[in-house]
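Below is input18.cif, holding mmCIF, C-alpha atoms, pLDDT in the B column; chains and numbers go by the auth columns.
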```
data_model
#
loop_
_atom_site.group_PDB
_atom_site.id
_atom_site.type_symbol
_atom_site.label_atom_id
_atom_site.label_comp_id
_atom_site.label_asym_id
_atom_site.label_seq_id
_atom_site.Cartn_x
_atom_site.Cartn_y
_atom_site.Cartn_z
_atom_site.B_iso_or_equiv
_atom_site.auth_seq_id
_atom_site.auth_asym_id
ATOM 1 C CA MET A 1 41.711 -33.520 8.216 43.00 1346 A
ATOM 2 C CA GLY A 2 41.555 -33.054 4.497 39.00 1347 A
ATOM 3 C CA ARG A 3 42.603 -35.743 2.089 38.00 1348 A
ATOM 4 C CA ARG A 4 45.912 -35.798 0.363 36.00 1349 A
ATOM 5 C CA SER A 5 46.691 -34.043 -2.884 39.00 1350 A
ATOM 6 C CA HIS A 6 48.640 -35.479 -5.785 38.00 1351 A
ATOM 7 C CA LEU A 7 51.902 -34.098 -7.185 43.00 1352 A
ATOM 8 C CA VAL A 8 53.706 -34.826 -10.426 42.00 1353 A
ATOM 9 C CA ALA A 9 57.338 -34.080 -11.253 51.00 1354 A
ATOM 10 C CA PHE A 10 59.722 -35.151 -13.987 46.00 1355 A
ATOM 11 C CA ALA A 11 63.313 -36.114 -13.279 46.00 1356 A
ATOM 12 C CA VAL A 12 65.865 -35.072 -15.909 38.00 1357 A
ATOM 13 C CA THR A 13 68.491 -37.820 -15.895 36.00 1358 A
ATOM 14 C CA THR A 14 70.957 -39.448 -18.262 31.00 1359 A
ATOM 15 C CA VAL A 15 69.750 -41.930 -20.860 29.00 1360 A
ATOM 16 C CA ALA A 16 71.322 -44.766 -18.880 32.00 1361 A
ATOM 17 C CA ALA A 17 69.395 -43.787 -15.756 34.00 1362 A
ATOM 18 C CA ALA A 18 66.200 -43.453 -17.769 33.00 1363 A
ATOM 19 C CA ILE A 19 66.550 -47.002 -19.100 29.00 1364 A
ATOM 20 C CA GLY A 20 66.950 -48.274 -15.536 36.00 1365 A
ATOM 21 C CA ALA A 21 63.800 -46.517 -14.239 34.00 1366 A
ATOM 22 C CA ALA A 22 60.632 -48.395 -15.075 33.00 1367 A
ATOM 23 C CA ALA A 23 58.084 -47.939 -12.268 34.00 1368 A
ATOM 24 C CA CYS A 24 57.575 -46.010 -9.047 37.00 1369 A
ATOM 25 C CA GLY A 25 56.899 -47.400 -5.572 38.00 1370 A
ATOM 26 C CA GLY A 26 53.977 -46.973 -3.193 39.00 1371 A
ATOM 27 C CA GLY A 27 51.623 -48.803 -5.556 36.00 1372 A
ATOM 28 C CA SER A 28 51.673 -46.129 -8.271 35.00 1373 A
ATOM 29 C CA SER A 29 53.104 -46.489 -11.755 33.00 1374 A
ATOM 30 C CA GLY A 30 54.424 -44.031 -14.277 35.00 1375 A
ATOM 31 C CA GLY A 31 55.937 -43.828 -17.738 34.00 1376 A
ATOM 32 C CA SER A 32 58.949 -42.124 -19.194 33.00 1377 A
ATOM 33 C CA ALA A 33 59.475 -39.969 -22.239 32.00 1378 A
ATOM 34 C CA GLY A 34 62.991 -39.891 -23.644 35.00 1379 A
ATOM 35 C CA ASN A 35 65.337 -39.248 -20.771 37.00 1380 A
ATOM 36 C CA ALA A 36 62.735 -37.709 -18.413 35.00 1381 A
ATOM 37 C CA PRO A 37 61.310 -40.433 -16.124 37.00 1382 A
ATOM 38 C CA ALA A 38 58.157 -39.464 -14.262 39.00 1383 A
ATOM 39 C CA ALA A 39 57.744 -39.086 -10.514 44.00 1384 A
ATOM 40 C CA THR A 40 54.278 -39.474 -9.006 40.00 1385 A
ATOM 41 C CA ALA A 41 52.744 -39.093 -5.590 42.00 1386 A
ATOM 42 C CA ALA A 42 52.845 -42.214 -3.476 41.00 1387 A
ATOM 43 C CA ALA A 43 49.468 -44.124 -3.478 35.00 1388 A
ATOM 44 C CA THR A 44 51.787 -41.859 1.408 36.00 1389 A
ATOM 45 C CA ALA A 45 51.535 -39.162 15.428 34.00 1390 A
ATOM 46 C CA THR A 46 55.687 -36.640 24.315 34.00 1391 A
ATOM 47 C CA THR A 47 56.566 -39.939 26.469 34.00 1392 A
ATOM 48 C CA SER A 48 53.631 -38.890 28.645 35.00 1393 A
ATOM 49 C CA ALA A 49 51.481 -38.257 25.594 37.00 1394 A
ATOM 50 C CA ALA A 50 52.192 -41.697 24.182 38.00 1395 A
ATOM 51 C CA THR A 51 51.380 -43.345 27.483 34.00 1396 A
ATOM 52 C CA SER A 52 48.153 -41.432 27.966 36.00 1397 A
ATOM 53 C CA GLY A 53 47.173 -42.145 24.358 43.00 1398 A
ATOM 54 C CA ALA A 54 47.408 -45.927 24.659 45.00 1399 A
ATOM 55 C CA ALA A 55 43.984 -47.512 24.495 44.00 1400 A
ATOM 56 C CA THR A 56 42.932 -50.668 26.327 44.00 1401 A
ATOM 57 C CA SER A 57 43.229 -52.551 23.018 73.00 1402 A
ATOM 58 C CA GLY A 58 46.975 -51.968 23.112 90.00 1403 A
ATOM 59 C CA VAL A 59 47.028 -49.400 20.327 95.00 1404 A
ATOM 60 C CA THR A 60 47.817 -45.682 20.452 98.00 1405 A
ATOM 61 C CA LYS A 61 44.591 -43.706 20.503 97.00 1406 A
ATOM 62 C CA ALA A 62 43.631 -41.783 17.385 97.00 1407 A
ATOM 63 C CA GLY A 63 44.555 -38.113 17.718 98.00 1408 A
ATOM 64 C CA THR A 64 47.576 -38.720 19.968 98.00 1409 A
ATOM 65 C CA ALA A 65 50.329 -36.112 19.507 98.00 1410 A
ATOM 66 C CA LEU A 66 53.906 -37.417 19.666 98.00 1411 A
ATOM 67 C CA THR A 67 57.340 -35.972 19.061 98.00 1412 A
ATOM 68 C CA VAL A 68 59.932 -37.200 16.579 98.00 1413 A
ATOM 69 C CA GLY A 69 61.650 -40.330 17.886 97.00 1414 A
ATOM 70 C CA GLN A 70 58.591 -41.692 19.685 98.00 1415 A
ATOM 71 C CA SER A 71 56.646 -44.739 18.566 98.00 1416 A
ATOM 72 C CA ALA A 72 52.962 -45.463 18.072 98.00 1417 A
ATOM 73 C CA THR A 73 51.268 -48.851 17.957 98.00 1418 A
ATOM 74 C CA VAL A 74 48.468 -48.610 15.438 97.00 1419 A
ATOM 75 C CA PRO A 75 45.966 -50.877 13.678 95.00 1420 A
ATOM 76 C CA TYR A 76 46.557 -51.381 9.976 95.00 1421 A
ATOM 77 C CA VAL A 77 44.160 -52.125 7.122 93.00 1422 A
ATOM 78 C CA PRO A 78 46.115 -53.192 3.992 90.00 1423 A
ATOM 79 C CA LEU A 79 45.523 -51.431 0.681 82.00 1424 A
ATOM 80 C CA GLY A 80 42.569 -52.918 -1.156 77.00 1425 A
ATOM 81 C CA SER A 81 41.093 -54.539 1.952 74.00 1426 A
ATOM 82 C CA THR A 82 37.313 -54.776 1.892 61.00 1427 A
ATOM 83 C CA THR A 83 36.938 -54.829 5.678 58.00 1428 A
ATOM 84 C CA SER A 84 36.969 -51.864 8.043 51.00 1429 A
ATOM 85 C CA ASP A 85 38.209 -54.059 10.895 52.00 1430 A
ATOM 86 C CA ALA A 86 41.973 -53.797 11.262 61.00 1431 A
ATOM 87 C CA THR A 87 43.358 -57.097 12.540 81.00 1432 A
ATOM 88 C CA LEU A 88 46.998 -56.178 11.883 93.00 1433 A
ATOM 89 C CA LYS A 89 49.163 -53.942 14.060 96.00 1434 A
ATOM 90 C CA LEU A 90 52.217 -51.832 13.246 97.00 1435 A
ATOM 91 C CA LYS A 91 54.763 -50.029 15.397 98.00 1436 A
ATOM 92 C CA VAL A 92 55.465 -46.728 13.624 98.00 1437 A
ATOM 93 C CA THR A 93 58.344 -44.422 14.541 98.00 1438 A
ATOM 94 C CA VAL A 94 59.107 -41.107 12.832 98.00 1439 A
ATOM 95 C CA ASP A 95 62.866 -40.740 13.184 98.00 1440 A
ATOM 96 C CA SER A 96 63.312 -37.243 11.767 98.00 1441 A
ATOM 97 C CA ILE A 97 61.650 -34.378 9.906 97.00 1442 A
ATOM 98 C CA GLU A 98 64.233 -32.351 7.992 96.00 1443 A
ATOM 99 C CA LYS A 99 63.735 -29.207 5.927 95.00 1444 A
ATOM 100 C CA GLY A 100 65.338 -29.279 2.500 95.00 1445 A
ATOM 101 C CA SER A 101 66.074 -26.789 -0.249 94.00 1446 A
ATOM 102 C CA LEU A 102 64.821 -26.463 -3.798 93.00 1447 A
ATOM 103 C CA SER A 103 68.463 -26.795 -4.870 94.00 1448 A
ATOM 104 C CA ASP A 104 68.118 -30.458 -3.834 94.00 1449 A
ATOM 105 C CA PHE A 105 65.966 -30.823 -6.943 92.00 1450 A
ATOM 106 C CA ASN A 106 68.526 -29.593 -9.470 89.00 1451 A
ATOM 107 C CA GLY A 107 68.082 -31.729 -12.574 85.00 1452 A
ATOM 108 C CA ILE A 108 64.444 -32.466 -11.741 86.00 1453 A
ATOM 109 C CA GLN A 109 61.673 -30.800 -13.676 81.00 1454 A
ATOM 110 C CA LEU A 110 59.071 -29.296 -11.330 84.00 1455 A
ATOM 111 C CA ASP A 111 55.818 -27.615 -12.195 85.00 1456 A
ATOM 112 C CA ALA A 112 54.921 -24.142 -10.918 88.00 1457 A
ATOM 113 C CA ALA A 113 53.105 -25.414 -7.824 85.00 1458 A
ATOM 114 C CA GLN A 114 56.034 -27.619 -6.866 85.00 1459 A
ATOM 115 C CA ARG A 115 58.539 -24.810 -7.361 87.00 1460 A
ATOM 116 C CA ALA A 116 56.458 -22.828 -4.841 91.00 1461 A
ATOM 117 C CA GLY A 117 56.720 -25.679 -2.326 93.00 1462 A
ATOM 118 C CA THR A 118 59.059 -26.175 0.628 94.00 1463 A
ATOM 119 C CA PRO A 119 60.857 -29.537 0.660 96.00 1464 A
ATOM 120 C CA GLU A 120 60.644 -31.649 3.814 97.00 1465 A
ATOM 121 C CA TYR A 121 62.144 -35.105 4.316 97.00 1466 A
ATOM 122 C CA VAL A 122 60.609 -37.570 6.781 98.00 1467 A
ATOM 123 C CA LYS A 123 62.544 -40.662 7.830 98.00 1468 A
ATOM 124 C CA VAL A 124 60.419 -43.410 9.330 98.00 1469 A
ATOM 125 C CA HIS A 125 60.648 -47.037 10.317 97.00 1470 A
ATOM 126 C CA ILE A 126 57.734 -49.437 10.609 98.00 1471 A
ATOM 127 C CA THR A 127 57.723 -52.764 12.450 98.00 1472 A
ATOM 128 C CA ASN A 128 55.099 -55.385 11.680 97.00 1473 A
ATOM 129 C CA LEU A 129 53.580 -56.596 14.964 96.00 1474 A
ATOM 130 C CA GLY A 130 51.521 -59.226 13.156 94.00 1475 A
ATOM 131 C CA PRO A 131 49.825 -61.482 13.075 93.00 1476 A
ATOM 132 C CA ALA A 132 50.082 -61.696 9.266 92.00 1477 A
ATOM 133 C CA PRO A 133 52.766 -60.440 6.828 94.00 1478 A
ATOM 134 C CA VAL A 134 52.480 -56.941 5.343 94.00 1479 A
ATOM 135 C CA LYS A 135 54.280 -55.021 2.612 95.00 1480 A
ATOM 136 C CA GLY A 136 56.368 -52.254 4.131 95.00 1481 A
ATOM 137 C CA SER A 137 56.169 -50.081 1.026 95.00 1482 A
ATOM 138 C CA GLU A 138 52.368 -50.227 1.169 95.00 1483 A
ATOM 139 C CA ALA A 139 52.242 -49.548 4.905 96.00 1484 A
ATOM 140 C CA SER A 140 54.426 -46.455 4.444 97.00 1485 A
ATOM 141 C CA VAL A 141 51.695 -44.941 2.258 95.00 1486 A
ATOM 142 C CA ALA A 142 49.802 -44.370 5.528 97.00 1487 A
ATOM 143 C CA ILE A 143 52.425 -41.775 6.552 98.00 1488 A
ATOM 144 C CA GLU A 144 51.476 -38.332 5.277 98.00 1489 A
ATOM 145 C CA GLY A 145 52.492 -34.749 5.983 98.00 1490 A
ATOM 146 C CA VAL A 146 50.339 -32.128 7.704 97.00 1491 A
ATOM 147 C CA ASP A 147 50.659 -28.724 6.056 95.00 1492 A
ATOM 148 C CA ASN A 148 50.302 -25.314 7.706 92.00 1493 A
ATOM 149 C CA THR A 149 46.550 -25.306 6.999 94.00 1494 A
ATOM 150 C CA GLY A 150 46.049 -28.602 8.847 94.00 1495 A
ATOM 151 C CA GLN A 151 45.453 -30.611 5.669 95.00 1496 A
ATOM 152 C CA THR A 152 47.227 -33.903 5.011 96.00 1497 A
ATOM 153 C CA GLN A 153 49.458 -34.218 1.963 96.00 1498 A
ATOM 154 C CA GLN A 154 50.956 -37.209 0.176 95.00 1499 A
ATOM 155 C CA SER A 155 54.647 -37.751 -0.276 95.00 1500 A
ATOM 156 C CA LEU A 156 56.361 -37.547 -3.657 89.00 1501 A
ATOM 157 C CA THR A 157 57.834 -40.716 -5.131 79.00 1502 A
ATOM 158 C CA PHE A 158 60.458 -40.605 -7.886 81.00 1503 A
ATOM 159 C CA ILE A 159 61.195 -42.979 -10.714 75.00 1504 A
ATOM 160 C CA GLY A 160 64.939 -43.252 -10.567 76.00 1505 A
ATOM 161 C CA ASP A 161 67.201 -42.076 -7.755 84.00 1506 A
ATOM 162 C CA PHE A 162 66.716 -39.112 -5.436 90.00 1507 A
ATOM 163 C CA PRO A 163 69.744 -39.470 -3.123 90.00 1508 A
ATOM 164 C CA LYS A 164 68.680 -36.688 -0.735 93.00 1509 A
ATOM 165 C CA CYS A 165 65.796 -38.839 0.503 96.00 1510 A
ATOM 166 C CA THR A 166 65.862 -42.417 -0.724 94.00 1511 A
ATOM 167 C CA GLU A 167 62.472 -44.100 -0.685 95.00 1512 A
ATOM 168 C CA ASN A 168 62.483 -47.829 -0.035 94.00 1513 A
ATOM 169 C CA GLU A 169 60.357 -49.323 -2.803 91.00 1514 A
ATOM 170 C CA SER A 170 60.831 -52.977 -1.839 93.00 1515 A
ATOM 171 C CA GLN A 171 57.731 -55.078 -2.376 93.00 1516 A
ATOM 172 C CA ALA A 172 58.980 -57.793 -0.010 95.00 1517 A
ATOM 173 C CA GLN A 173 56.623 -59.008 2.690 95.00 1518 A
ATOM 174 C CA LEU A 174 57.463 -58.188 6.304 96.00 1519 A
ATOM 175 C CA GLY A 175 57.003 -61.067 8.695 96.00 1520 A
ATOM 176 C CA ARG A 176 56.028 -60.528 12.307 96.00 1521 A
ATOM 177 C CA GLY A 177 58.803 -58.553 14.002 97.00 1522 A
ATOM 178 C CA ASP A 178 60.399 -57.382 10.735 98.00 1523 A
ATOM 179 C CA THR A 179 61.163 -53.675 10.254 98.00 1524 A
ATOM 180 C CA PHE A 180 60.954 -51.486 7.137 98.00 1525 A
ATOM 181 C CA GLN A 181 62.854 -48.186 6.851 98.00 1526 A
ATOM 182 C CA THR A 182 62.246 -45.445 4.306 97.00 1527 A
ATOM 183 C CA CYS A 183 62.469 -41.700 3.626 97.00 1528 A
ATOM 184 C CA LEU A 184 59.497 -39.716 2.338 98.00 1529 A
ATOM 185 C CA THR A 185 59.740 -36.459 0.378 96.00 1530 A
ATOM 186 C CA PHE A 186 57.097 -33.745 0.751 96.00 1531 A
ATOM 187 C CA LEU A 187 56.993 -30.680 -1.489 94.00 1532 A
ATOM 188 C CA VAL A 188 54.052 -28.447 -0.607 92.00 1533 A
ATOM 189 C CA PRO A 189 53.642 -24.666 -0.163 92.00 1534 A
ATOM 190 C CA GLY A 190 54.764 -23.691 3.335 92.00 1535 A
ATOM 191 C CA GLY A 191 56.177 -27.161 3.954 93.00 1536 A
ATOM 192 C CA ILE A 192 54.771 -29.575 6.518 96.00 1537 A
ATOM 193 C CA THR A 193 54.468 -29.052 10.258 95.00 1538 A
ATOM 194 C CA LYS A 194 54.007 -32.695 11.284 97.00 1539 A
ATOM 195 C CA ALA A 195 53.946 -36.248 10.021 98.00 1540 A
ATOM 196 C CA ALA A 196 50.720 -38.205 10.424 98.00 1541 A
ATOM 197 C CA TYR A 197 49.494 -41.813 10.410 98.00 1542 A
ATOM 198 C CA VAL A 198 46.288 -42.010 8.370 97.00 1543 A
ATOM 199 C CA ASN A 199 44.951 -45.532 7.916 94.00 1544 A
ATOM 200 C CA GLY A 200 41.492 -46.739 8.835 87.00 1545 A
ATOM 201 C CA THR A 201 38.506 -44.508 9.507 88.00 1546 A
ATOM 202 C CA ASP A 202 39.439 -43.370 13.032 93.00 1547 A
ATOM 203 C CA TYR A 203 42.998 -42.421 12.088 96.00 1548 A
ATOM 204 C CA ILE A 204 42.023 -40.698 8.854 94.00 1549 A
ATOM 205 C CA GLU A 205 39.608 -38.481 10.772 94.00 1550 A
ATOM 206 C CA SER A 206 42.004 -37.980 13.714 97.00 1551 A
ATOM 207 C CA PRO A 207 45.571 -39.063 12.874 98.00 1552 A
ATOM 208 C CA VAL A 208 48.351 -39.886 15.261 98.00 1553 A
ATOM 209 C CA THR A 209 50.895 -37.114 14.596 98.00 1554 A
ATOM 210 C CA TRP A 210 54.612 -36.470 15.148 98.00 1555 A
ATOM 211 C CA ALA A 211 56.186 -33.009 15.467 97.00 1556 A
ATOM 212 C CA ALA A 212 59.831 -32.039 15.779 88.00 1557 A
ATOM 213 C CA GLY A 213 60.844 -31.707 19.441 73.00 1558 A
#
```

Please express the file's structure as structure tokens.
Amino acid sequence: MGRRSHLVAFAVTTVAAAIGAAACGGGSSGGSAGNAPAATAAATATTSAATSGAATSGVTKAGTALTVGQSATVPYVPLGSTTSDATLKLKVTVDSIEKGSLSDFNGIQLDAAQRAGTPEYVKVHITNLGPAPVKGSEASVAIEGVDNTGQTQQSLTFIGDFPKCTENESQAQLGRGDTFQTCLTFLVPGGITKAAYVNGTDYIESPVTWAAG
């Protein structure tokens, strides 16, 4: 799997909205010029298949193919961790993958590459299985899109509101058993064919993926 690419867009909003937008989620930050706040890429895998993919360690095996609505139990290495050993576990469920329209971006300044893209919206919820707290907004960065060439792509995060697909930017810690819900926007040529979990060496090389049923 290839690594994710970065996208940049500029939202054209009212002055009041521009004053309210100061930073983007997913660990990235951006600035604003006048009334055009920036949007930057987020710093963002059948019942039988899920059962057969479960490893003896209790996690879903890397490379398992799931359908939308199914859950995977996966190891998680937090952003900035210096260890390759994932001691945390997450339950990740892709709830939907919905195709959008470029008209959804009226009022948002896109570059030429983005205007050539196909919007896709991925709704996901993540439950922390412990043992330690995690940030849901950071964990959601591990969810990427798989394009029609098989490469993984990052989601697009906006400064300000994008009502069509509202990203949860909360920096609150999730305790064991707590759930985080969010919507991720992808805007790449040809759209995305799947959503993927890419965190830790095994899952970057062979992600767990979700496809529409």

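Checking A:Ala1541, A:Ser1426, A:Leu1532, A:Val1553 one by one against A:Leu1455, counting all atoms listed in the file, you find the shortest gap at A:Leu1532.
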
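Closest to A:Tyr1466 among A:Lys1539, A:Lys1434, A:Lys1444, A:Lys1406 is A:Lys1444, based on only C-alpha atoms.
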
* Hey, which of A:Leu1433, A:Ala1410, A:Ala1457, A:Val1422 ends up closest to A:Pro1534? Count only C-alpha atoms. ->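 Between A:Leu1433, A:Ala1410, A:Ala1457, A:Val1422, the residue approaching A:Pro1534 most closely is A:Ala1457.
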
* atom CA of A:Ala1484 to atom CA of A:Thr1511: how many Å, to one decimal? -> 16.4 Å

* Two-atom distance - atom CA of A:Pro1508, atom CA of A:Ser1482 (Å) ->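 Computing it gives 17.7 Å between the two atoms.
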
* Which is closest to A:Leu1519 among A:Asn1473, A:Asn1544, A:Gln1499, A:Ser1485, if we use all atoms listed in the file? ->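 Under the stated criterion, the closest residue is A:Asn1473.
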
* Resolved residues for the PyMOL selection byres ((chain A and resi 1488) around 6) as a list in words ->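 This file, filtered by the PyMOL selection byres ((chain A and resi 1488) around 6), leaves Thr1389, Ser1485, Val1486, Ala1487, Glu1489, Ala1541 and Tyr1542 of chain A.
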
* **Two-atom distance - atom CA of A:Ile1471, atom CA of A:Lys1436 (Å)** => 5.7 Å

* To do: Please determine the residues with any atom at most 9 Å from (43.6, -56.1, 13.5) (coordinates as given in the file, with only C-alpha atoms counting) and report them as a list in words.
  =>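 Counting only C-alpha atoms, I find these residues within 9 Å of (43.6, -56.1, 13.5): Pro1420, Tyr1421, Val1422, Asp1430, Ala1431, Thr1432, Leu1433, Lys1434, Gly1475 and Pro1476 of chain A.
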
Residues selected by the PyMOL selection byres ((chain A and resi 1437) around 8), written as a short mmCIF file (atom, residue, chain, number, x, y, z; two decimals) with C-alpha atoms, in the coordinates of the input:
```cif
data_model
loop_
_atom_site.label_atom_id
_atom_site.label_comp_id
_atom_site.auth_asym_id
_atom_site.auth_seq_id
_atom_site.Cartn_x
_atom_site.Cartn_y
_atom_site.Cartn_z
CA SER A 1416 56.65 -44.74 18.57
CA ALA A 1417 52.96 -45.46 18.07
CA THR A 1418 51.27 -48.85 17.96
CA VAL A 1419 48.47 -48.61 15.44
CA LEU A 1435 52.22 -51.83 13.25
CA LYS A 1436 54.76 -50.03 15.40
CA THR A 1438 58.34 -44.42 14.54
CA VAL A 1439 59.11 -41.11 12.83
CA VAL A 1469 60.42 -43.41 9.33
CA HIS A 1470 60.65 -47.04 10.32
CA ILE A 1471 57.73 -49.44 10.61
CA THR A 1472 57.72 -52.76 12.45
#
```

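If you measure from each of A:Asp1449, A:Glu1483, A:Glu1550, A:Asp1440 to A:Gly1495 using only C-alpha atoms, the closest one turns out to be A:Glu1550.
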
* Asked: Skipping near chain neighbours, those fewer than 6 positions away, what residues fall within 10 Å of A:Ala1517 using all atoms listed in the file, listed as a list in words?
  ->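 What passes the distance filter is Pro1478, Val1479, Lys1480, Gly1481, Ser1482 and Phe1525 of chain A.
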
* To do: Find the residues near A:Val1543: any atom within 6 Å, counting all atoms listed in the file, skip ones fewer than 2 places away on the same chain, and give them as a ChimeraX atom specification.
  => /A:1487,1548-1549,1552

* To do: For the structure shown, which residues end up in the PyMOL selection byres ((chain A and resi 1535) around 8)? Put them as a PyMOL selection string, please?
  => chain A and resi 1462-1463+1492-1493+1533-1534+1536-1537

Based on the selection just made, write C-alpha atoms of those residues as a PDB file, keeping the file's coordinate frame.
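part.pdb, freshly written:
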```
ATOM      1  CA  GLY A1462      56.720 -25.679  -2.326  1.00 93.00           C
ATOM      2  CA  THR A1463      59.059 -26.175   0.628  1.00 94.00           C
ATOM      3  CA  ASP A1492      50.659 -28.724   6.056  1.00 95.00           C
ATOM      4  CA  ASN A1493      50.302 -25.314   7.706  1.00 92.00           C
ATOM      5  CA  VAL A1533      54.052 -28.447  -0.607  1.00 92.00           C
ATOM      6  CA  PRO A1534      53.642 -24.666  -0.163  1.00 92.00           C
ATOM      7  CA  GLY A1536      56.177 -27.161   3.954  1.00 93.00           C
ATOM      8  CA  ILE A1537      54.771 -29.575   6.518  1.00 96.00           C
TER       9      ILE A1537
END
```

* Asked: Could you pull the residues within 10 Å of A:Ser1448, counting all atoms listed in the file, minus those fewer than 4 positions along the same chain, as an NGL selection string?
  -> :A and (1452-1453 or 1464)
